[in-house]
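Next comes entry-v3.csv, with CSV, C-alpha atoms and all ligand atoms.
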```csv
chain,number,residue,atom,x,y,z
A,25,MET,CA,0.0,0.0,0.0
A,26,PRO,CA,1.6,3.3,-1.1
A,27,PRO,CA,2.1,6.0,1.5
A,28,PRO,CA,-0.6,8.7,1.2
A,29,ASN,CA,1.9,11.5,0.5
A,30,ASN,CA,5.5,11.9,1.6
A,31,ASN,CA,6.4,15.0,-0.3
A,32,HIS,CA,5.2,17.7,2.1
A,33,PHE,CA,2.3,18.5,-0.1
A,34,CYS,CA,-1.4,18.6,0.7
A,35,THR,CA,-3.5,15.9,-0.9
A,36,CYS,CA,-4.0,17.0,-4.5
A,37,SER,CA,-6.0,14.9,-6.9
A,38,ILE,CA,-6.9,14.6,-10.5
A,39,ILE,CA,-10.7,14.5,-10.4
A,40,GLY,CA,-11.5,14.5,-14.1
A,41,THR,CA,-9.8,13.9,-17.5
A,42,GLY,CA,-10.7,14.8,-21.1
A,43,SER,CA,-9.2,14.8,-24.5
A,44,TYR,CA,-9.8,15.9,-28.1
A,45,VAL,CA,-8.1,15.0,-31.4
A,46,PRO,CA,-9.1,16.4,-34.8
A,47,ASP,CA,-11.0,14.3,-37.2
A,48,ARG,CA,-8.6,14.4,-40.1
A,49,VAL,CA,-6.3,11.3,-40.2
A,50,LEU,CA,-3.0,11.4,-42.0
A,51,THR,CA,-1.7,7.9,-42.6
A,52,ASN,CA,1.9,6.7,-43.3
A,53,ASP,CA,0.7,5.9,-46.8
A,54,ASP,CA,-0.6,9.5,-47.2
A,55,LEU,CA,2.9,10.8,-46.1
A,56,SER,CA,4.6,8.5,-48.6
A,57,LYS,CA,3.0,10.6,-51.3
A,58,ILE,CA,4.4,13.8,-49.9
A,59,VAL,CA,8.0,12.8,-49.0
A,60,ASP,CA,10.3,9.8,-49.8
A,61,THR,CA,9.2,7.5,-47.0
A,62,ASN,CA,7.0,4.4,-46.5
A,63,ASP,CA,4.8,2.7,-44.0
A,64,GLU,CA,7.3,0.0,-43.2
A,65,TRP,CA,10.1,2.5,-42.3
A,66,ILE,CA,7.9,4.7,-40.1
A,67,THR,CA,6.3,1.7,-38.4
A,68,THR,CA,9.5,-0.1,-37.6
A,69,ARG,CA,11.5,3.0,-36.6
A,70,THR,CA,8.7,4.7,-34.6
A,71,GLY,CA,5.6,2.6,-34.1
A,72,ILE,CA,3.5,5.4,-35.6
A,73,LYS,CA,0.8,4.4,-38.2
A,74,GLU,CA,-1.2,7.6,-38.4
A,75,ARG,CA,-1.6,11.0,-36.8
A,76,ARG,CA,-4.4,13.7,-36.6
A,77,ILE,CA,-4.2,17.0,-38.3
A,78,ALA,CA,-6.2,20.1,-37.2
A,79,ALA,CA,-8.7,21.5,-39.7
A,80,GLU,CA,-7.9,24.8,-41.4
A,81,GLY,CA,-8.7,27.6,-39.0
A,82,GLN,CA,-8.7,25.3,-36.0
A,83,ALA,CA,-6.2,26.7,-33.4
A,84,THR,CA,-4.5,25.1,-30.4
A,85,SER,CA,-7.0,26.9,-28.1
A,86,ASP,CA,-10.0,25.3,-30.0
A,87,MET,CA,-8.6,21.8,-29.3
A,88,ALA,CA,-7.6,22.8,-25.7
A,89,SER,CA,-11.1,24.1,-25.0
A,90,GLU,CA,-12.8,21.0,-26.2
A,91,ALA,CA,-10.5,18.8,-24.1
A,92,ALA,CA,-11.2,21.1,-21.1
A,93,ARG,CA,-15.0,20.9,-21.5
A,94,ARG,CA,-14.7,17.1,-21.4
A,95,ALA,CA,-12.5,17.1,-18.4
A,96,LEU,CA,-14.9,19.5,-16.5
A,97,ALA,CA,-17.8,17.2,-17.4
A,98,ALA,CA,-15.9,14.2,-16.1
A,99,ALA,CA,-15.1,16.0,-12.9
A,100,GLY,CA,-18.7,17.1,-12.5
A,101,ILE,CA,-17.8,20.7,-12.0
A,102,THR,CA,-18.4,23.9,-14.0
A,103,ALA,CA,-16.0,26.3,-15.5
A,104,ALA,CA,-16.8,28.8,-12.7
A,105,ASP,CA,-15.2,26.4,-10.2
A,106,ILE,CA,-11.8,26.7,-11.9
A,107,ASP,CA,-9.4,29.2,-10.3
A,108,LEU,CA,-6.3,28.4,-12.3
A,109,ILE,CA,-5.7,27.5,-16.0
A,110,ILE,CA,-2.3,26.5,-17.2
A,111,VAL,CA,-1.8,25.5,-20.9
A,112,ALA,CA,1.4,23.7,-21.8
A,113,THR,CA,2.1,24.2,-25.4
A,114,VAL,CA,4.9,25.1,-27.9
A,115,THR,CA,2.3,26.0,-30.5
A,116,PRO,CA,0.3,28.8,-28.9
A,117,ASP,CA,-2.4,30.5,-30.9
A,118,MET,CA,-0.2,33.6,-30.9
A,119,PHE,CA,2.7,35.1,-29.0
A,120,PHE,CA,0.3,36.9,-26.7
A,121,PRO,CA,-2.1,36.8,-25.1
A,122,SER,CA,-1.4,33.3,-23.7
A,123,THR,CA,-3.4,30.4,-25.1
A,124,ALA,CA,-4.7,29.9,-21.5
A,125,CYS,CA,-6.3,33.3,-21.6
A,126,ILE,CA,-8.0,32.4,-24.9
A,127,VAL,CA,-9.2,29.1,-23.4
A,128,GLN,CA,-10.6,31.1,-20.4
A,129,LYS,CA,-12.7,33.1,-22.9
A,130,LYS,CA,-13.9,30.1,-24.8
A,131,ILE,CA,-15.0,28.0,-21.8
A,132,GLU,CA,-16.0,31.1,-19.8
A,133,ALA,CA,-13.9,30.3,-16.7
A,134,TRP,CA,-14.1,33.8,-15.4
A,135,ASN,CA,-12.7,33.1,-11.9
A,136,ALA,CA,-9.3,31.7,-13.2
A,137,VAL,CA,-5.9,33.2,-13.5
A,138,CYS,CA,-4.3,31.9,-16.7
A,139,PHE,CA,-0.9,31.4,-18.2
A,140,ASP,CA,1.0,29.1,-20.5
A,141,ILE,CA,4.1,27.0,-19.8
A,142,SER,CA,6.7,26.2,-22.5
A,143,ALA,CA,8.6,23.0,-21.7
A,144,ALA,CA,8.0,21.2,-25.0
A,145,CYS,CA,7.0,17.6,-24.6
A,146,SER,CA,7.5,17.8,-20.8
A,147,GLY,CA,5.1,20.7,-20.6
A,148,PHE,CA,2.1,18.9,-19.3
A,149,LEU,CA,3.9,17.4,-16.3
A,150,TYR,CA,5.7,20.8,-15.7
A,151,ALA,CA,2.2,22.4,-15.6
A,152,LEU,CA,0.8,19.7,-13.3
A,153,GLN,CA,3.6,20.2,-10.8
A,154,THR,CA,3.3,24.0,-11.0
A,155,ALA,CA,-0.5,23.7,-10.3
A,156,ARG,CA,0.3,21.4,-7.4
A,157,HIS,CA,2.5,24.1,-5.8
A,158,TYR,CA,-0.2,26.8,-6.2
A,159,ILE,CA,-2.7,24.5,-4.6
A,160,ASN,CA,-0.3,23.5,-1.9
A,161,THR,CA,0.2,27.1,-0.7
A,162,GLY,CA,-3.6,27.5,-0.5
A,163,ASN,CA,-3.5,30.1,-3.1
A,164,ARG,CA,-5.7,28.1,-5.6
A,165,LYS,CA,-8.0,25.2,-5.1
A,166,THR,CA,-9.1,23.8,-8.5
A,167,ALA,CA,-6.9,23.9,-11.6
A,168,LEU,CA,-7.4,23.1,-15.2
A,169,ILE,CA,-4.2,21.7,-16.7
A,170,ILE,CA,-4.1,21.3,-20.4
A,171,GLY,CA,-1.5,20.0,-22.9
A,172,ALA,CA,-2.4,21.1,-26.4
A,173,GLU,CA,-0.5,21.3,-29.6
A,174,LYS,CA,-1.0,22.0,-33.3
A,175,LEU,CA,2.4,20.7,-34.3
A,176,SER,CA,1.2,20.5,-38.0
A,177,SER,CA,1.8,24.3,-37.9
A,178,LEU,CA,5.5,23.8,-37.2
A,179,ILE,CA,6.3,20.9,-39.5
A,180,ASN,CA,8.5,21.1,-42.5
A,181,TRP,CA,6.6,18.9,-44.9
A,182,LYS,CA,9.7,18.4,-47.0
A,183,ASP,CA,11.8,16.9,-44.2
A,184,ARG,CA,11.1,13.2,-43.9
A,185,ASN,CA,13.3,13.0,-40.7
A,186,THR,CA,10.7,15.0,-38.8
A,187,CYS,CA,7.4,15.3,-40.7
A,188,VAL,CA,6.4,11.7,-40.1
A,189,LEU,CA,6.7,12.0,-36.3
A,190,PHE,CA,4.2,14.6,-35.2
A,191,GLY,CA,0.5,15.3,-34.9
A,192,ASP,CA,-2.2,17.5,-33.3
A,193,GLY,CA,-4.4,17.1,-30.3
A,194,ALA,CA,-5.2,18.2,-26.7
A,195,GLY,CA,-5.7,16.6,-23.3
A,196,ALA,CA,-6.8,18.1,-20.0
A,197,VAL,CA,-7.1,17.3,-16.3
A,198,VAL,CA,-8.9,19.0,-13.4
A,199,VAL,CA,-6.7,19.0,-10.3
A,200,GLN,CA,-8.2,19.8,-6.9
A,201,ARG,CA,-7.1,20.3,-3.3
A,202,MET,CA,-8.7,17.6,-1.2
A,203,ASP,CA,-9.9,18.0,2.4
A,204,ASP,CA,-7.3,17.1,5.1
A,205,ASP,CA,-9.2,13.9,5.9
A,206,ALA,CA,-9.1,12.7,2.3
A,207,LYS,CA,-5.6,11.2,2.4
A,208,GLU,CA,-6.7,8.2,0.3
A,209,ALA,CA,-8.5,10.3,-2.3
A,210,PRO,CA,-8.6,8.7,-5.8
A,211,GLY,CA,-6.3,10.4,-8.4
A,212,ARG,CA,-4.0,11.7,-5.8
A,213,ILE,CA,-0.5,12.8,-6.7
A,214,LEU,CA,2.2,11.1,-4.6
A,215,SER,CA,5.4,12.7,-6.0
A,216,ALA,CA,6.8,14.6,-8.9
A,217,VAL,CA,10.2,15.5,-10.3
A,218,MET,CA,11.3,17.9,-13.0
A,219,GLY,CA,14.7,18.5,-14.7
A,220,CYS,CA,16.3,20.5,-17.5
A,221,ASP,CA,19.6,20.6,-19.4
A,222,GLY,CA,19.7,23.9,-21.3
A,223,SER,CA,23.2,23.0,-22.8
A,224,LEU,CA,21.3,20.8,-25.3
A,225,THR,CA,18.9,23.3,-26.6
A,226,ASP,CA,20.2,22.9,-30.2
A,227,LEU,CA,19.3,19.3,-30.5
A,228,LEU,CA,15.6,19.9,-30.8
A,229,LYS,CA,14.2,23.3,-31.6
A,230,VAL,CA,12.3,25.6,-33.9
A,231,PRO,CA,15.1,28.2,-34.4
A,232,GLY,CA,13.2,30.9,-36.3
A,233,GLY,CA,10.0,32.9,-36.1
A,234,ALA,CA,10.6,34.6,-32.7
A,235,SER,CA,13.0,37.2,-31.4
A,236,ALA,CA,16.3,35.5,-32.2
A,237,ILE,CA,15.5,35.0,-35.9
A,238,PRO,CA,12.4,37.0,-36.6
A,239,VAL,CA,10.1,36.1,-39.5
A,240,THR,CA,11.4,37.3,-42.8
A,241,PRO,CA,10.7,35.9,-46.3
A,242,GLU,CA,14.3,34.6,-46.4
A,243,ASN,CA,14.0,32.8,-43.1
A,244,VAL,CA,10.7,31.3,-44.0
A,245,ASP,CA,12.2,30.1,-47.3
A,246,GLN,CA,14.9,28.3,-45.3
A,247,ARG,CA,12.2,26.7,-43.2
A,248,LEU,CA,13.8,28.2,-40.0
A,249,ASN,CA,10.3,28.4,-38.5
A,250,THR,CA,9.9,24.6,-38.5
A,251,ILE,CA,11.0,21.8,-36.2
A,252,HIS,CA,14.8,20.9,-36.4
A,253,MET,CA,15.9,17.7,-34.6
A,254,GLU,CA,19.0,15.5,-34.1
A,255,GLY,CA,17.0,12.3,-33.9
A,256,ARG,CA,19.6,9.9,-32.7
A,257,GLU,CA,21.0,12.2,-29.9
A,258,THR,CA,17.5,13.0,-28.8
A,259,PHE,CA,16.6,9.4,-28.6
A,260,LYS,CA,19.6,8.5,-26.4
A,261,HIS,CA,19.0,11.4,-24.0
A,262,ALA,CA,15.3,10.6,-23.9
A,263,VAL,CA,15.8,7.0,-22.7
A,264,THR,CA,18.4,8.0,-20.0
A,265,ARG,CA,16.5,11.0,-18.6
A,266,MET,CA,13.1,9.3,-18.6
A,267,CYS,CA,14.5,6.3,-16.7
A,268,GLN,CA,16.2,8.6,-14.1
A,269,ALA,CA,13.1,10.7,-13.6
A,270,SER,CA,11.0,7.6,-13.2
A,271,GLU,CA,13.3,6.2,-10.6
A,272,GLN,CA,13.5,9.5,-8.7
A,273,ALA,CA,9.7,10.0,-8.6
A,274,LEU,CA,9.2,6.4,-7.5
A,275,SER,CA,11.8,6.7,-4.8
A,276,MET,CA,10.3,10.0,-3.6
A,277,ALA,CA,6.9,8.2,-3.3
A,278,GLY,CA,8.5,5.3,-1.4
A,279,LEU,CA,7.7,2.9,-4.2
A,280,THR,CA,9.6,0.7,-6.7
A,281,ALA,CA,8.9,-0.3,-10.3
A,282,ALA,CA,7.2,-3.4,-9.1
A,283,ASP,CA,4.4,-1.3,-7.5
A,284,ILE,CA,3.5,0.3,-10.9
A,285,LYS,CA,0.3,-0.9,-12.5
A,286,MET,CA,0.6,1.3,-15.6
A,287,VAL,CA,3.3,3.6,-17.0
A,288,ILE,CA,1.9,6.3,-19.2
A,289,PRO,CA,5.0,7.7,-21.0
A,290,HIS,CA,5.4,10.5,-23.4
A,291,GLN,CA,4.4,9.1,-26.8
A,292,ALA,CA,7.3,9.9,-29.1
A,293,ASN,CA,8.7,6.6,-30.3
A,294,LEU,CA,7.8,3.0,-29.5
A,295,ARG,CA,11.4,2.0,-29.3
A,296,ILE,CA,12.0,4.7,-26.6
A,297,ILE,CA,9.0,3.4,-24.6
A,298,SER,CA,10.2,-0.2,-24.9
A,299,ALA,CA,13.8,0.8,-23.8
A,300,ILE,CA,12.5,2.6,-20.8
A,301,ALA,CA,10.2,-0.3,-19.8
A,302,GLU,CA,13.0,-2.8,-20.2
A,303,ARG,CA,15.5,-0.7,-18.1
A,304,LEU,CA,12.9,-0.1,-15.4
A,305,GLY,CA,11.9,-3.8,-15.4
A,306,ILE,CA,8.3,-3.1,-16.3
A,307,PRO,CA,6.5,-5.6,-18.5
A,308,GLU,CA,5.2,-4.3,-21.8
A,309,GLU,CA,1.6,-4.9,-20.9
A,310,ARG,CA,2.0,-2.3,-18.2
A,311,THR,CA,3.0,0.4,-20.5
A,312,PHE,CA,0.2,2.5,-22.2
A,313,VAL,CA,0.8,3.1,-25.9
A,314,ASN,CA,-1.4,5.0,-28.3
A,315,LEU,CA,1.2,6.7,-30.5
A,316,GLN,CA,0.3,4.4,-33.4
A,317,LYS,CA,-2.9,6.5,-33.7
A,318,TYR,CA,-1.7,10.0,-32.9
A,319,GLY,CA,2.1,10.2,-33.3
A,320,ASN,CA,4.0,12.6,-31.1
A,321,THR,CA,1.6,15.5,-30.0
A,322,SER,CA,4.2,16.9,-27.6
A,323,ALA,CA,2.6,18.4,-24.4
A,324,ALA,CA,-0.7,16.6,-25.3
A,325,THR,CA,0.6,13.0,-25.4
A,326,ILE,CA,0.4,12.3,-21.7
A,327,PRO,CA,-3.0,13.9,-20.9
A,328,VAL,CA,-4.6,12.3,-24.0
A,329,ALA,CA,-3.2,8.9,-23.1
A,330,LEU,CA,-4.2,9.3,-19.4
A,331,ASP,CA,-7.8,10.1,-20.5
A,332,GLU,CA,-7.9,7.1,-22.9
A,333,ALA,CA,-6.4,4.8,-20.2
A,334,ASN,CA,-9.0,6.1,-17.7
A,335,ARG,CA,-12.0,5.8,-20.1
A,336,SER,CA,-11.0,2.4,-21.4
A,337,GLY,CA,-10.5,1.0,-18.0
A,338,ALA,CA,-6.8,0.3,-18.6
A,339,ILE,CA,-6.3,2.1,-15.2
A,340,GLN,CA,-8.6,1.5,-12.3
A,341,ARG,CA,-9.1,3.2,-8.9
A,342,GLY,CA,-6.2,2.4,-6.6
A,343,ASP,CA,-3.7,1.6,-9.4
A,344,VAL,CA,-0.3,3.2,-9.0
A,345,VAL,CA,0.4,5.1,-12.3
A,346,LEU,CA,3.7,6.5,-13.4
A,347,LEU,CA,3.7,9.5,-15.9
A,348,VAL,CA,7.0,10.3,-17.5
A,349,ALA,CA,8.0,12.8,-20.2
A,350,PHE,CA,11.0,14.2,-22.1
A,351,GLY,CA,11.3,17.0,-24.6
A,352,GLY,CA,13.1,19.9,-26.1
A,353,GLY,CA,15.2,22.0,-23.8
A,354,PHE,CA,16.1,19.3,-22.9
A,355,THR,CA,13.4,19.0,-20.3
A,356,TRP,CA,12.1,15.9,-18.4
A,357,ALA,CA,9.6,15.2,-15.7
A,358,SER,CA,7.9,12.4,-13.9
A,359,THR,CA,4.8,12.0,-11.6
A,360,VAL,CA,3.6,9.1,-9.5
A,361,LEU,CA,-0.1,9.0,-8.7
A,362,VAL,CA,-2.7,6.6,-7.2
A,363,TRP,CA,-5.6,6.4,-9.6
B,401,LIG,C1,13.8,10.1,-35.7
B,401,LIG,C2,14.1,8.7,-35.6
B,401,LIG,C3,12.8,7.8,-35.7
B,401,LIG,C4,15.1,8.3,-36.7
B,401,LIG,O1,15.4,6.9,-36.5
B,401,LIG,P1,16.9,6.4,-36.6
B,401,LIG,O2,17.0,5.0,-36.5
B,401,LIG,O3,17.7,7.2,-35.6
B,401,LIG,O4,17.3,6.9,-38.1
B,401,LIG,P2,18.4,7.9,-38.6
B,401,LIG,O5,18.0,9.3,-38.3
B,401,LIG,O6,19.7,7.4,-38.2
B,401,LIG,O7,18.2,7.7,-40.2
B,401,LIG,C5,18.5,6.4,-40.8
B,401,LIG,C6,18.2,6.5,-42.3
B,401,LIG,O8,16.8,6.6,-42.5
B,401,LIG,C7,16.5,7.8,-43.3
B,401,LIG,N1,15.2,8.3,-42.9
B,401,LIG,C8,15.0,9.3,-42.0
B,401,LIG,N2,13.6,9.5,-42.0
B,401,LIG,C9,13.1,8.7,-42.9
B,401,LIG,C10,11.7,8.4,-43.2
B,401,LIG,N3,10.7,9.1,-42.7
B,401,LIG,N4,11.5,7.5,-44.2
B,401,LIG,C11,12.5,6.8,-44.7
B,401,LIG,N5,13.8,7.0,-44.4
B,401,LIG,C12,14.1,7.9,-43.5
B,401,LIG,C13,17.6,8.7,-43.0
B,401,LIG,O9,17.8,9.6,-44.1
B,401,LIG,C14,18.8,7.8,-42.9
B,401,LIG,O10,19.2,7.4,-44.2
B,401,LIG,P3,20.8,7.3,-44.5
B,401,LIG,O11,21.3,6.2,-43.6
B,401,LIG,O12,20.8,7.0,-46.0
B,401,LIG,O13,21.4,8.6,-44.2
B,401,LIG,C15,14.7,8.4,-34.2
B,401,LIG,O14,16.0,8.9,-34.2
B,401,LIG,C16,13.9,9.0,-33.1
B,401,LIG,O15,12.8,8.6,-32.8
B,401,LIG,N6,14.5,9.9,-32.3
B,401,LIG,C17,13.9,10.5,-31.2
B,401,LIG,C18,12.8,11.5,-31.7
B,401,LIG,C19,12.0,12.0,-30.7
B,401,LIG,O16,11.5,11.3,-29.9
B,401,LIG,N7,11.8,13.3,-30.7
B,401,LIG,C20,11.0,13.9,-29.8
B,401,LIG,C21,11.4,13.8,-28.4
B,401,LIG,S1,10.3,14.6,-27.4
```
Now, as a test, write the supplied structure out as structure tokens.
Ligand SMILES: CC(C)(COP(=O)(O)OP(=O)(O)OC[C@H]1O[C@@H](n2cnc3c(N)ncnc32)[C@H](O)[C@@H]1OP(=O)(O)O)[C@@H](O)C(=O)NCCC(=O)NCCS
Amino acid sequence: MPPPNNNHFCTCSIIGTGSYVPDRVLTNDDLSKIVDTNDEWITTRTGIKERRIAAEGQATSDMASEAARRALAAAGITAADIDLIIVATVTPDMFFPSTACIVQKKIEAWNAVCFDISAACSGFLYALQTARHYINTGNRKTALIIGAEKLSSLINWKDRNTCVLFGDGAGAVVVQRMDDDAKEAPGRILSAVMGCDGSLTDLLKVPGGASAIPVTPENVDQRLNTIHMEGRETFKHAVTRMCQASEQALSMAGLTAADIKMVIPHQANLRIISAIAERLGIPEERTFVNLQKYGNTSAATIPVALDEANRSGAIQRGDVVLLVAFGGGFTWASTVLVW
């Protein structure tokens, strides 16, 4: 039986999950008509079979808001109950205002303070831990945490190294402070760790389009406003850091890998997920994988997967669940919770 909480935090629980992915499906075969690739290469190297692409005119905030509405419905609360909205995204609607402010308007959550977090694929877990700190101080009670991305807006559709990997979507959770006597509350967070190595910023980035390399016709011609990645190096760091972060969060919670009922990892590459599971000694059937359907949706992968795991019954009340992410920065993060 896991300890209720050993991390000097109040009991803070996920009380609802929701997700949204756009209708349009882009298969590996579709991509093979755009770049020199094929289903066999993409499937064996990544595990991805298809991904979703947002409709024209559909912004990150639209997907985020729909995921948020579904999470609120699942939690059985209204938008007026939310006092904090954090959107984790690297594809905001615009530089400012924040996508969280736009979500507030769309779902009419008028009692919330709102801001975005930029931590790439670790963004959702960074946002979750940030909300936990706000809740722990007593400053906020009920937070809406969203991971939402329209990565199709950052893809270089001529670069086969990257365009096959990414997709669009959004996931959300409602996190709430529990009463002092609710030490065994479902969905409670036991521990969380976050890390960053800014010396490796160049390995995964969108170099242009902001203040360092502002938008000019020349820069756009050179595709500087799209994703650039050193795939092999990223792969190695991802496996190492996700294993370390998992072990740290488990140790902080007083648990071991044997206690985990389900790992919900960032969905970037099936080989990364398999390598982590093997190193941690967790059998494959206890890793949740949905990247074959959606590809890498950056900050959205974990909340979308958590929502699917919850709704499909893959995780049940009382299960120990490990969430672990890695992304540009490099950033990494891990959270242990009891569902
Ligand atoms: C991107 C990734 C799938 C590439 O797999 P890889 O085994 O490392 O492959 P390489 O990059 O070494 O490329 C091998 C060959 O396949 C080719 N290739 C790359 N993409 C291809 C594609 N979509 N279709 C066909 N061939 C492709 C390369 O050009 C290269 O050819 P060459 O040997 O003739 O030069 C892998 O490195 C990866 O998943 N990295 C981590 C990515 C990630 O998770 N990023 C997000 C982290 S949050």
Atomic separation - atom CA of A:Thr166 relative to atom CA of A:Ala209, Å: 14.9 Å
Which residues are near ligand LIG 401 (chain B) in this structure, taking near to mean any atom at most 9 Å from a ligand atom and counting only C-alpha atoms and all ligand atoms? Format them as a ChimeraX atom specification. /A:55-56,59-66,68-70,144-146,183-190,228,253-262,290-296,320,322,349-352,354-355
File dump, residues just selected, C-alpha atoms, as an mmCIF file, in the frame of the given file:
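File written: out-v2.cif
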```cif
data_model
loop_
_atom_site.group_PDB
_atom_site.id
_atom_site.type_symbol
_atom_site.label_atom_id
_atom_site.label_comp_id
_atom_site.auth_asym_id
_atom_site.auth_seq_id
_atom_site.Cartn_x
_atom_site.Cartn_y
_atom_site.Cartn_z
ATOM 1 C CA LEU A 55 2.900 10.800 -46.100
ATOM 2 C CA SER A 56 4.600 8.500 -48.600
ATOM 3 C CA VAL A 59 8.000 12.800 -49.000
ATOM 4 C CA ASP A 60 10.300 9.800 -49.800
ATOM 5 C CA THR A 61 9.200 7.500 -47.000
ATOM 6 C CA ASN A 62 7.000 4.400 -46.500
ATOM 7 C CA ASP A 63 4.800 2.700 -44.000
ATOM 8 C CA GLU A 64 7.300 0.000 -43.200
ATOM 9 C CA TRP A 65 10.100 2.500 -42.300
ATOM 10 C CA ILE A 66 7.900 4.700 -40.100
ATOM 11 C CA THR A 68 9.500 -0.100 -37.600
ATOM 12 C CA ARG A 69 11.500 3.000 -36.600
ATOM 13 C CA THR A 70 8.700 4.700 -34.600
ATOM 14 C CA ALA A 144 8.000 21.200 -25.000
ATOM 15 C CA CYS A 145 7.000 17.600 -24.600
ATOM 16 C CA SER A 146 7.500 17.800 -20.800
ATOM 17 C CA ASP A 183 11.800 16.900 -44.200
ATOM 18 C CA ARG A 184 11.100 13.200 -43.900
ATOM 19 C CA ASN A 185 13.300 13.000 -40.700
ATOM 20 C CA THR A 186 10.700 15.000 -38.800
ATOM 21 C CA CYS A 187 7.400 15.300 -40.700
ATOM 22 C CA VAL A 188 6.400 11.700 -40.100
ATOM 23 C CA LEU A 189 6.700 12.000 -36.300
ATOM 24 C CA PHE A 190 4.200 14.600 -35.200
ATOM 25 C CA LEU A 228 15.600 19.900 -30.800
ATOM 26 C CA MET A 253 15.900 17.700 -34.600
ATOM 27 C CA GLU A 254 19.000 15.500 -34.100
ATOM 28 C CA GLY A 255 17.000 12.300 -33.900
ATOM 29 C CA ARG A 256 19.600 9.900 -32.700
ATOM 30 C CA GLU A 257 21.000 12.200 -29.900
ATOM 31 C CA THR A 258 17.500 13.000 -28.800
ATOM 32 C CA PHE A 259 16.600 9.400 -28.600
ATOM 33 C CA LYS A 260 19.600 8.500 -26.400
ATOM 34 C CA HIS A 261 19.000 11.400 -24.000
ATOM 35 C CA ALA A 262 15.300 10.600 -23.900
ATOM 36 C CA HIS A 290 5.400 10.500 -23.400
ATOM 37 C CA GLN A 291 4.400 9.100 -26.800
ATOM 38 C CA ALA A 292 7.300 9.900 -29.100
ATOM 39 C CA ASN A 293 8.700 6.600 -30.300
ATOM 40 C CA LEU A 294 7.800 3.000 -29.500
ATOM 41 C CA ARG A 295 11.400 2.000 -29.300
ATOM 42 C CA ILE A 296 12.000 4.700 -26.600
ATOM 43 C CA ASN A 320 4.000 12.600 -31.100
ATOM 44 C CA SER A 322 4.200 16.900 -27.600
ATOM 45 C CA ALA A 349 8.000 12.800 -20.200
ATOM 46 C CA PHE A 350 11.000 14.200 -22.100
ATOM 47 C CA GLY A 351 11.300 17.000 -24.600
ATOM 48 C CA GLY A 352 13.100 19.900 -26.100
ATOM 49 C CA PHE A 354 16.100 19.300 -22.900
ATOM 50 C CA THR A 355 13.400 19.000 -20.300
#
```
Counting only C-alpha atoms, which residues come within 12 Å of (-4.0, 14.5, -24.7), with the point read in the file's coordinates, and could you list them as a VMD selection string? chain A and resid 41 to 46 76 87 to 92 94 to 95 111 to 113 145 147 to 149 169 to 174 191 to 197 288 to 291 314 to 315 318 to 333
Would you pick out the contacts of stretch 342-345 of chain A at 7 Å or less, using only C-alpha atoms, so that residues sharing its chain but fewer than 4 positions from it are not included, and give the list as number ranges by chain? A: 210, 283-287, 360-363
Stretch 227-232 of chain A, all listed atoms, 3 Å padding on each side: what axis-aligned box centre and edge lengths in Å to one decimal come out, as AutoDock Vina command-line options?
```
--center_x 15.8 --center_y 25.1 --center_z -33.4 --size_x 13.0 --size_y 17.6 --size_z 11.8
```
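Atom CA of A:His252 lies 27.0 Å from atom CA of A:Ser270.
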Å distance separating atom CA of A:Trp134 from atom CA of A:Thr102, one decimal place: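 Value for the atom CA of A:Trp134-atom CA of A:Thr102 distance: 10.9 Å.
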Find the residue from A:Ala299, A:Ala282, A:Cys36, A:Leu50 that sits nearest to A:Ala206; use all atoms listed in the file when measuring.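 Among the listed residues, the smallest separation from A:Ala206 belongs to A:Cys36.
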Hey, could you patch up stretch 37-45 of chain A with N, CA and C atoms and hand it over as a short mmCIF file (atom, residue, chain, number, x, y, z; two decimals), in the coordinates of the input?
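Okay, this is what ended up in result-v2.cif:
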```
data_model
loop_
_atom_site.label_atom_id
_atom_site.label_comp_id
_atom_site.auth_asym_id
_atom_site.auth_seq_id
_atom_site.Cartn_x
_atom_site.Cartn_y
_atom_site.Cartn_z
N SER A 37 -5.57 15.98 -6.02
CA SER A 37 -6.00 14.90 -6.90
C SER A 37 -6.50 15.30 -8.22
N ILE A 38 -6.29 14.41 -9.18
CA ILE A 38 -6.90 14.60 -10.50
C ILE A 38 -8.33 14.06 -10.40
N ILE A 39 -9.30 14.95 -10.59
CA ILE A 39 -10.70 14.50 -10.40
C ILE A 39 -11.46 14.41 -11.73
N GLY A 40 -10.79 14.69 -12.85
CA GLY A 40 -11.50 14.50 -14.10
C GLY A 40 -10.44 14.62 -15.28
N THR A 41 -10.66 13.84 -16.33
CA THR A 41 -9.80 13.90 -17.50
C THR A 41 -10.62 14.10 -18.77
N GLY A 42 -10.01 14.69 -19.79
CA GLY A 42 -10.70 14.80 -21.10
C GLY A 42 -9.69 14.99 -22.19
N SER A 43 -10.08 14.66 -23.40
CA SER A 43 -9.20 14.80 -24.50
C SER A 43 -9.93 15.11 -25.80
N TYR A 44 -9.20 15.61 -26.76
CA TYR A 44 -9.80 15.90 -28.10
C TYR A 44 -8.70 15.73 -29.12
N VAL A 45 -9.02 15.03 -30.20
CA VAL A 45 -8.10 15.00 -31.40
C VAL A 45 -8.95 15.36 -32.61
#
```
